[in-house]
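This is target-v1.cif (mmCIF, C-alpha atoms).
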data_input
loop_
_atom_site.label_atom_id
_atom_site.label_comp_id
_atom_site.auth_asym_id
_atom_site.auth_seq_id
_atom_site.Cartn_x
_atom_site.Cartn_y
_atom_site.Cartn_z
CA MET W 1 131.45 78.22 130.30
CA ASP W 2 131.10 75.43 127.78
CA ASP W 3 129.78 75.76 124.29
CA ARG W 4 126.37 74.26 124.99
CA ARG W 5 125.80 76.63 127.91
CA ARG W 6 126.83 79.57 125.76
CA ARG W 7 124.46 78.57 122.94
CA PHE W 8 121.67 78.01 125.44
CA GLU W 9 122.18 81.47 126.91
CA ALA W 10 122.21 83.02 123.44
CA GLN W 11 119.25 81.14 121.96
CA ALA W 12 116.93 80.00 124.74
CA LEU W 13 117.47 82.32 127.69
CA PRO W 14 116.31 85.45 125.78
CA HIS W 15 112.85 83.82 125.75
CA LEU W 16 112.68 83.58 129.54
CA ASP W 17 110.09 86.37 129.75
CA ALA W 18 107.93 84.65 127.14
CA ALA W 19 108.27 81.38 129.05
CA TYR W 20 107.30 83.08 132.30
CA ASN W 21 104.40 84.96 130.74
CA LEU W 22 102.94 81.75 129.31
CA ALA W 23 103.45 79.90 132.61
CA ARG W 24 101.80 82.78 134.52
CA TRP W 25 98.78 82.81 132.24
CA LEU W 26 98.41 79.03 132.17
CA SER W 27 98.80 78.52 135.92
CA ARG W 28 97.37 81.93 136.94
CA SER W 29 99.72 81.86 139.90
CA PRO W 30 103.12 83.54 140.39
CA ALA W 31 104.36 80.78 142.69
CA ASP W 32 103.38 77.98 140.29
CA ALA W 33 104.80 79.93 137.34
CA ASP W 34 108.18 80.13 139.11
CA ASP W 35 108.25 76.36 139.61
CA ILE W 36 107.04 75.59 136.09
CA VAL W 37 109.61 77.86 134.44
CA GLN W 38 112.53 76.60 136.55
CA ASP W 39 111.56 73.06 135.69
CA ALA W 40 111.11 73.94 132.00
CA MET W 41 114.45 75.76 131.67
CA LEU W 42 116.30 72.85 133.24
CA ARG W 43 114.55 70.34 130.97
CA ALA W 44 115.24 72.57 127.97
CA PHE W 45 118.93 72.81 128.88
CA ARG W 46 119.26 69.05 129.20
CA ALA W 47 117.51 68.51 125.87
CA PHE W 48 119.26 71.38 124.11
CA ASP W 49 121.68 69.16 122.16
CA GLY W 50 118.67 67.73 120.39
CA PHE W 51 117.29 71.15 119.42
CA ARG W 52 117.69 71.65 115.67
CA GLY W 53 115.75 74.75 114.83
CA HIS W 54 116.63 78.36 114.22
CA ASP W 55 114.06 79.78 116.63
CA ALA W 56 114.09 78.33 120.14
CA LYS W 57 111.00 80.26 121.27
CA PRO W 58 108.22 77.85 120.14
CA TRP W 59 110.37 74.91 121.21
CA LEU W 60 110.83 76.39 124.69
CA LEU W 61 107.15 77.35 125.02
CA ALA W 62 106.14 73.77 124.18
CA ILE W 63 108.33 72.57 127.07
CA VAL W 64 106.77 75.17 129.39
CA ARG W 65 103.32 73.94 128.43
CA ASN W 66 104.29 70.32 129.10
CA CYS W 67 105.71 71.26 132.49
CA TRP W 68 102.48 73.07 133.29
CA LEU W 69 100.45 70.01 132.30
CA SER W 70 102.52 67.71 134.50
CA ALA W 71 102.46 70.22 137.36
CA GLY W 72 98.69 70.57 136.95
CA THR W 73 97.87 67.46 138.89
CA ALA W 74 99.94 68.67 141.85
CA SER W 75 98.39 72.14 142.11
CA ARG W 76 94.87 70.79 141.65
CA ARG W 77 95.55 68.62 144.66
CA ARG W 78 96.51 71.73 146.60
CA GLY W 79 93.06 72.99 145.64
CA LEU W 80 93.78 76.71 145.81
CA THR W 81 92.23 79.33 143.59
CA SER W 82 95.46 80.63 142.20
CA LEU W 83 93.67 83.55 140.54
CA GLU W 84 93.07 85.19 143.91
CA GLU W 85 96.67 84.62 144.85
CA SER W 86 97.88 86.33 141.71
CA MET W 87 95.60 89.33 142.25
CA ALA W 88 96.80 89.88 145.81
CA ASP W 89 100.27 91.16 144.93
CA GLU W 90 99.27 94.62 143.73
CA GLY W 91 99.41 97.43 146.27
CA PRO W 92 97.72 100.82 146.16
CA GLY W 93 99.27 103.68 144.18
CA PRO W 94 98.49 107.20 142.99
CA GLU W 95 94.94 107.71 141.74
CA GLU W 96 95.75 107.43 138.06
CA ALA W 97 97.78 104.30 138.65
CA VAL W 98 94.86 102.81 140.56
CA ILE W 99 92.46 103.45 137.67
CA GLN W 100 94.99 102.06 135.23
CA ALA W 101 95.65 99.08 137.48
CA GLY W 102 91.90 98.61 137.94
CA HIS W 103 91.37 98.50 134.19
CA GLN W 104 94.30 96.16 133.70
CA ARG W 105 93.10 93.93 136.51
CA ARG W 106 89.59 93.69 135.02
CA LEU W 107 91.07 92.72 131.67
CA ASP W 108 93.42 90.23 133.32
CA THR W 109 90.48 88.69 135.19
CA MET W 110 88.53 88.31 131.95
CA ILE W 111 91.43 86.58 130.21
CA ALA W 112 91.92 84.37 133.27
CA ARG W 113 88.24 83.37 133.04
CA LEU W 114 88.72 81.90 129.56
CA PRO W 115 88.96 78.11 129.47
CA ALA W 116 92.63 77.04 129.32
CA ASP W 117 92.41 75.76 125.72
CA PHE W 118 91.24 79.17 124.55
CA ARG W 119 93.44 81.14 126.91
CA GLU W 120 96.65 79.56 125.70
CA VAL W 121 96.04 80.19 121.99
CA LEU W 122 95.08 83.79 122.73
CA ILE W 123 98.21 84.44 124.82
CA LEU W 124 100.46 82.76 122.25
CA ARG W 125 98.95 84.73 119.38
CA GLU W 126 98.33 88.15 120.90
CA MET W 127 101.17 88.45 123.42
CA GLU W 128 103.85 86.15 122.08
CA ASP W 129 103.21 86.77 118.39
CA MET W 130 103.34 83.09 117.46
CA SER W 131 102.06 82.02 114.03
CA TYR W 132 99.22 79.49 113.67
CA ARG W 133 101.77 76.84 112.74
CA GLU W 134 103.90 77.58 115.80
CA ILE W 135 100.83 77.53 118.06
CA ALA W 136 99.84 74.21 116.52
CA GLU W 137 103.30 72.82 117.30
CA ILE W 138 103.35 74.18 120.85
CA THR W 139 99.89 72.90 121.73
CA GLY W 140 100.08 69.71 119.68
CA SER W 141 96.82 70.50 117.87
CA PRO W 142 95.94 70.75 114.17
CA ILE W 143 96.03 74.26 112.65
CA GLY W 144 92.27 74.16 112.05
CA THR W 145 91.74 73.64 115.77
CA VAL W 146 94.07 76.54 116.54
CA MET W 147 92.05 78.79 114.23
CA SER W 148 88.68 77.85 115.68
CA ARG W 149 89.93 78.14 119.27
CA LEU W 150 91.39 81.54 118.52
CA ALA W 151 88.11 82.72 116.99
CA ARG W 152 86.18 81.34 119.94
CA ALA W 153 88.60 82.90 122.46
CA ARG W 154 88.22 86.32 120.86
CA THR W 155 84.44 86.05 120.73
CA LEU W 156 84.27 84.99 124.38
CA LEU W 157 86.60 87.76 125.49
CA ARG W 158 84.53 90.33 123.59
CA GLU W 159 81.43 89.03 125.39
CA PHE W 160 83.20 89.28 128.77
CA VAL W 161 84.24 92.86 127.99
CA LYS W 162 80.67 93.75 127.06
CA GLU W 163 79.24 92.20 130.24
CA GLY W 164 81.96 93.58 132.48
CA ALA W 165 81.84 97.18 131.19
CA MET I 166 78.77 85.13 112.16
CA SER I 167 77.38 84.45 108.75
CA CYS I 168 80.01 85.44 106.18
CA GLU I 169 81.79 82.25 105.13
CA GLU I 170 85.02 84.17 104.68
CA LEU I 171 85.24 85.29 108.33
CA ARG I 172 87.72 82.58 109.27
CA ASN I 173 89.81 83.52 106.27
CA THR I 174 89.61 87.20 107.20
CA GLN I 175 90.87 86.30 110.66
CA SER I 176 93.85 84.46 109.11
CA TYR I 177 94.54 87.49 106.96
CA LEU I 178 94.40 89.90 109.90
CA ASP I 179 96.71 87.59 111.87
CA GLY I 180 99.25 87.88 109.08
CA GLU I 181 98.90 84.24 108.06
CA LEU I 182 98.21 84.77 104.38
CA THR I 183 100.71 85.80 101.74
CA GLY I 184 100.75 86.49 98.03
CA ALA I 185 97.61 85.72 96.05
CA GLU I 186 95.74 84.49 99.14
CA ALA I 187 96.40 87.76 100.94
CA ALA I 188 95.37 89.78 97.90
CA GLU I 189 92.18 87.74 97.61
CA ALA I 190 91.37 88.26 101.30
CA GLU I 191 92.09 91.98 100.98
CA ARG I 192 89.72 92.24 97.99
CA HIS I 193 87.03 90.46 99.94
CA LEU I 194 87.59 92.70 102.97
CA GLN I 195 87.12 95.81 100.81
CA SER I 196 83.66 94.66 99.76
CA CYS I 197 82.26 92.83 102.81
CA ALA I 198 80.73 94.97 105.55
CA GLU I 199 80.60 92.06 107.97
CA CYS I 200 84.32 91.33 107.60
CA GLN I 201 85.10 95.03 107.94
CA ALA I 202 83.18 95.14 111.21
CA PHE I 203 85.04 92.01 112.27
CA ALA I 204 88.39 93.62 111.38
CA ALA I 205 87.54 96.74 113.38
CA SER I 206 86.54 94.78 116.46
CA ALA I 207 89.64 92.57 116.10
CA ALA I 208 91.76 95.73 116.09
CA ASP I 209 89.97 97.01 119.21
CA LEU I 210 90.50 93.70 120.96
CA SER I 211 94.19 93.61 120.07
CA ASP I 212 94.61 97.18 121.31
CA GLY I 213 92.79 96.23 124.51
CA LEU I 214 94.97 93.20 125.04
CA ARG I 215 98.04 95.40 124.95
CA GLN I 216 96.86 96.74 128.27
CA ALA I 217 96.62 93.28 129.82
CA SER I 218 99.64 92.13 131.78
CA ARG I 219 102.50 90.61 129.88
CA HIS I 220 104.35 89.18 132.83
CA THR I 221 108.14 89.38 132.90
CA ALA I 222 110.31 86.90 134.72
CA PRO I 223 111.25 88.22 138.17
CA ALA I 224 114.97 88.71 138.87
CA HIS I 225 114.98 86.03 141.56
CA LEU I 226 113.72 83.47 139.04
CA ARG I 227 116.40 84.34 136.50
CA ALA I 228 119.05 84.06 139.22
CA ALA I 229 117.66 80.73 140.42
CA ILE I 230 117.73 79.32 136.89
CA LEU I 231 121.30 80.44 136.25
CA ALA I 232 122.34 78.92 139.57
CA ARG I 233 120.74 75.61 138.62
CA LEU I 234 122.39 75.64 135.20
CA ASP I 235 125.74 76.15 136.96
CA LYS I 236 125.20 72.89 138.79
CA GLU I 237 124.52 70.96 135.58
CA PRO I 238 127.50 68.83 134.54
CA SER I 239 129.37 70.46 131.69
CA ARG I 240 129.71 68.21 128.68
CA PHE I 241 132.79 69.50 126.93
CA SER I 242 133.79 67.33 123.99
CA PRO I 243 136.43 67.82 121.27
CA ARG I 244 133.56 67.67 118.78
CA SER I 245 131.99 70.83 120.11
CA PHE I 246 135.32 72.59 119.67
CA TRP I 247 135.43 71.64 115.99
CA MET I 248 131.80 72.55 115.51
CA GLY I 249 132.59 75.93 117.00
CA ALA I 250 135.53 76.39 114.67
CA ALA I 251 133.45 75.36 111.67
CA GLY I 252 130.76 77.79 112.81
CA GLY I 253 133.36 80.56 112.79
CA ALA I 254 134.33 79.78 109.23
CA GLY I 255 130.67 79.75 108.27
CA VAL I 256 130.19 83.18 109.74
CA SER I 257 133.07 84.71 107.78
CA ALA I 258 131.81 83.08 104.56
CA LEU I 259 128.45 84.64 105.35
CA ALA I 260 130.04 88.04 105.89
CA ALA I 261 131.82 87.74 102.54
CA GLY I 262 128.45 86.86 101.01
CA PHE I 263 126.90 90.01 102.43
CA ALA I 264 129.78 92.13 101.14
CA LEU I 265 129.07 90.76 97.67
CA LEU I 266 125.36 91.41 98.03
CA ALA I 267 126.02 95.08 98.75
CA LEU I 268 127.27 95.46 95.18
CA LEU I 269 124.10 94.02 93.66
CA PRO I 270 120.69 95.69 93.50
CA PRO I 271 118.94 95.15 96.82
CA SER I 272 117.44 91.71 97.07
CA ILE I 273 113.99 91.11 98.42
CA ALA I 274 115.27 89.94 101.82
CA THR I 275 117.66 92.90 102.05
CA LEU I 276 114.84 95.36 101.47
CA THR I 277 112.63 94.00 104.25
CA ARG I 278 115.54 94.10 106.66
CA SER I 279 116.73 97.46 105.44
CA VAL I 280 113.45 99.32 106.04
CA ALA I 281 112.95 97.59 109.42
CA ASP I 282 116.52 98.55 110.36
CA ALA I 283 115.99 102.16 109.30
CA HIS I 284 112.75 102.30 111.30
CA ALA I 285 114.37 100.73 114.39
CA ARG I 286 117.41 103.02 114.07
CA ALA I 287 115.18 106.09 113.97
CA LEU I 288 113.09 104.88 116.91
CA THR I 289 116.04 104.02 119.14
CA GLY I 290 117.88 107.21 118.21
CA GLY I 291 114.74 109.23 118.92
CA LYS I 292 115.24 110.85 115.51
CA THR I 293 112.17 109.77 113.63
CA ILE I 294 111.24 113.30 112.68
CA MET I 295 113.37 115.97 111.06
CA VAL I 296 110.52 118.21 110.09
CA ALA I 297 107.67 118.13 112.59
CA SER I 298 104.35 119.08 111.13
CA SER I 299 100.91 117.65 110.71
CA ASN I 300 100.49 119.86 107.66
CA HIS I 301 101.24 118.09 104.40
CA HIS I 302 101.87 121.48 102.78
CA THR I 303 104.92 121.79 105.05
CA VAL I 304 106.15 118.20 104.91
CA LYS I 305 105.94 117.74 101.16
CA PRO I 306 108.15 120.68 100.13
CA TRP I 307 110.62 119.84 102.89
CA LEU I 308 110.97 116.30 101.54
CA ALA I 309 111.28 117.60 97.99
CA ALA I 310 114.13 119.89 99.09
CA HIS I 311 115.96 117.40 101.29
CA ALA I 312 115.32 114.01 99.70
CA GLY I 313 114.85 115.20 96.15
CA LEU I 314 111.58 113.28 96.08
CA SER I 315 108.02 114.42 95.98
CA PRO I 316 105.83 111.55 97.16
CA PRO I 317 102.16 112.19 97.95
CA VAL I 318 101.84 113.32 101.58
CA SER I 319 98.44 113.00 103.29
CA ASP I 320 97.23 113.22 106.83
CA PHE I 321 94.99 110.28 107.86
CA ALA I 322 94.09 111.73 111.27
CA ALA I 323 90.38 111.13 110.62
CA ASP I 324 91.17 107.42 110.28
CA GLY I 325 93.39 107.29 113.36
CA PHE I 326 96.78 107.86 111.71
CA THR I 327 98.07 111.35 112.39
CA LEU I 328 100.82 112.77 110.21
CA THR I 329 103.53 113.96 112.60
CA GLY I 330 106.32 114.88 110.20
CA GLY I 331 108.99 113.60 107.84
CA ARG I 332 112.65 112.77 107.54
CA VAL I 333 115.28 111.71 105.05
CA ASP I 334 116.57 108.18 105.61
CA GLU I 335 118.38 105.44 103.78
CA VAL I 336 116.99 102.21 102.37
CA ALA I 337 119.53 99.68 101.09
CA GLY I 338 122.11 102.42 100.77
CA ARG I 339 119.94 104.88 98.79
CA PRO I 340 118.18 107.98 100.11
CA ALA I 341 114.48 107.69 100.86
CA ALA I 342 111.80 110.14 101.95
CA VAL I 343 109.92 109.09 105.07
CA MET I 344 106.48 110.26 106.18
CA VAL I 345 105.98 109.64 109.89
CA TYR I 346 102.58 108.84 111.39
CA ARG I 347 101.31 108.21 114.89
CA HIS I 348 98.61 105.70 115.90
CA GLY I 349 98.03 105.65 119.68
CA ASN I 350 101.45 105.03 121.18
CA HIS I 351 102.78 103.54 117.98
CA GLU I 352 104.70 105.09 115.18
CA LEU I 353 104.39 104.20 111.53
CA ASP I 354 106.95 105.06 108.88
CA LEU I 355 106.00 105.36 105.23
CA PHE I 356 109.14 105.18 103.05
CA ALA I 357 109.31 106.27 99.42
CA TRP I 358 112.25 106.02 96.99
CA PRO I 359 112.66 106.06 93.22
CA ASP I 360 111.67 102.78 91.59
CA ARG I 361 114.70 101.08 90.07
CA GLY I 362 112.77 98.17 88.64
CA ALA I 363 113.66 95.85 91.52
CA ASP I 364 111.15 93.27 92.72
CA LEU I 365 109.61 94.17 96.05
CA PRO I 366 109.08 91.78 98.95
CA GLY I 367 105.60 90.72 100.03
CA ALA I 368 104.19 91.65 103.41
CA GLY I 369 106.59 90.45 106.05
CA MET I 370 108.11 90.87 109.43
CA ALA I 371 111.63 91.82 110.53
CA HIS I 372 112.90 92.57 114.02
CA GLY I 373 109.28 92.47 115.19
CA PHE I 374 108.10 95.15 112.77
CA ARG I 375 105.48 94.54 110.12
CA THR I 376 106.47 95.59 106.62
CA SER I 377 104.54 96.04 103.41
CA PHE I 378 105.83 97.12 99.98
CA TRP I 379 104.23 98.39 96.82
CA LYS I 380 104.92 100.43 93.70
CA ALA I 381 102.97 103.50 92.64
CA GLY I 382 103.93 105.73 89.73
CA ASP I 383 107.72 105.95 89.58
CA LEU I 384 108.17 105.34 93.29
CA ASP I 385 108.57 102.30 95.54
CA PHE I 386 106.82 102.47 98.90
CA ALA I 387 107.27 100.64 102.17
CA ALA I 388 105.22 100.88 105.36
CA VAL I 389 106.85 99.75 108.62
CA SER I 390 105.46 99.61 112.13
CA ASP I 391 104.85 97.57 115.24
CA VAL I 392 101.09 98.28 115.31
CA ASP I 393 98.84 95.21 115.22
CA GLN I 394 98.02 93.56 111.93
CA ALA I 395 94.54 95.02 111.56
CA ALA I 396 95.71 98.61 112.10
CA PHE I 397 98.68 98.01 109.85
CA GLN I 398 96.46 96.76 107.02
CA LYS I 399 94.21 99.76 107.45
CA PHE I 400 97.18 102.12 107.24
CA VAL I 401 98.58 100.38 104.15
CA GLY I 402 95.14 100.59 102.54
CA LEU I 403 94.99 104.35 103.17
CA ALA I 404 98.55 104.95 102.01
CA ARG I 405 98.05 102.95 98.82
CA ALA I 406 94.83 104.72 97.99
CA GLN I 407 96.27 108.25 98.17
CA ARG I 408 96.76 110.20 94.97
CA GLU I 409 98.86 113.17 94.06
#
Please rewrite the model in this file as structure tokens.
Amino acid sequence: MDDRRRRFEAQALPHLDAAYNLARWLSRSPADADDIVQDAMLRAFRAFDGFRGHDAKPWLLAIVRNCWLSAGTASRRRGLTSLEESMADEGPGPEEAVIQAGHQRRLDTMIARLPADFREVLILREMEDMSYREIAEITGSPIGTVMSRLARARTLLREFVKEGA
Amino acid sequence: MSCEELRNTQSYLDGELTGAEAAEAERHLQSCAECQAFAASAADLSDGLRQASRHTAPAHLRAAILARLDKEPSRFSPRSFWMGAAGGAGVSALAAGFALLALLPPSIATLTRSVADAHARALTGGKTIMVASSNHHTVKPWLAAHAGLSPPVSDFAADGFTLTGGRVDEVAGRPAAVMVYRHGNHELDLFAWPDRGADLPGAGMAHGFRTSFWKAGDLDFAAVSDVDQAAFQKFVGLARAQRE
């Protein structure tokens, strides 16, 4: 294994779950997320010589987001409601698990209902623990925009929770 | 939303403010009912979001990626060999630097890492508690006997932070008393050790744990946990406000 591959596995590959989580939430489809992440990891590997940071996570997530944007046109053409697809892969379980899964599914549906601009800042902040600056870099928006989208996303989600209760 | 500081309060709760800005936001939060309500609902929302799915990459995806990386042409160059060698030298110089640091009073960076390490060590070893009790009358004398320290010990169960016990641990090579609290599924450690006049770090993060430091009386304190920012701030507020 050459040195670049070793560095890539040490610095970028540990963020594979984060990459997949973001791709899942952006695309709302397991199949699309698979394609986006494969594409993103390959692009990241090819560009890795140019990576000069100490934390590869925001760098990798920015690539994932770009891959999602370029894949977007293709999946829109397919015209499928990927949300339904992603909800179909959960089978029945014991009663408690069903209640738990039901609660989780409702919450997931509410997050999925958020417009993409709001959804991505919320996922990056609340699940991936990215700072405002990192979110700004990943999404290519000013920090002020990140802050207002985050506030709006939280307000919207709170409204969804209230309605959906 | 009418308070003009709400956006700033959000930044504070998200851990974006440090130093004087953070202190200013904290002061405002203490006095503004609207921002307090906002902080509480932000904490609820964060807790709620923990139950949403954080998807993990399926095994087949990981395997597919590794297989595709295998097919990428390897670009071995003599330069990368020398860079690797230089990296090795850098690492040993760094290790020597750390050895030197151990002789000095703990630096600010060392302290943040040291309490986060101690917390992580206790969590992974399953040994967070040496004396299990929610009664401060039990925990306090135990700590006095075993750590030689008598920090204030309070139960904040009414505010959502239940005292579950205490232990003796080590921070930057010196013994520390630890009060252990539970908040939902999360554990919070409150460290106390004799103040040796060292500067303390500001609020920070290490290994994914939030940390906060302060001095009170002749003791230094540190709170460490992986709870969300709003809950962490609340806990720090309670811990700082307690009196003997």
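Using the PyMOL selection byres ((chain W) within 7 of (chain I)) on this structure selects Asp2, Asp3, Leu16, Asp17, Tyr20, Asn21, Asp34, Gln38, Leu42, Gln104, Leu107, Asp108, Glu126 and Met127 of chain W.
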Correct to one decimal, the distance atom CA of Ala363 of chain I-atom CA of Ala188 of chain I is 20.3 Å
Computed gap from atom CA of Arg125 of chain W to atom CA of Glu191 of chain I is 20.9 Å
Find the spatial neighbours of Pro142 of chain W, counting all atoms listed in the file, within a cut-off of 10 Å - ignore same-chain residues fewer than 5 positions away - and output them as a PyMOL selection string. chain W and resi 132-133+135-137+147
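Closest to Phe397 of chain I among I:Thr277, I:Thr327, I:Thr376, I:Thr183 is I:Thr376, based on all atoms listed in the file.
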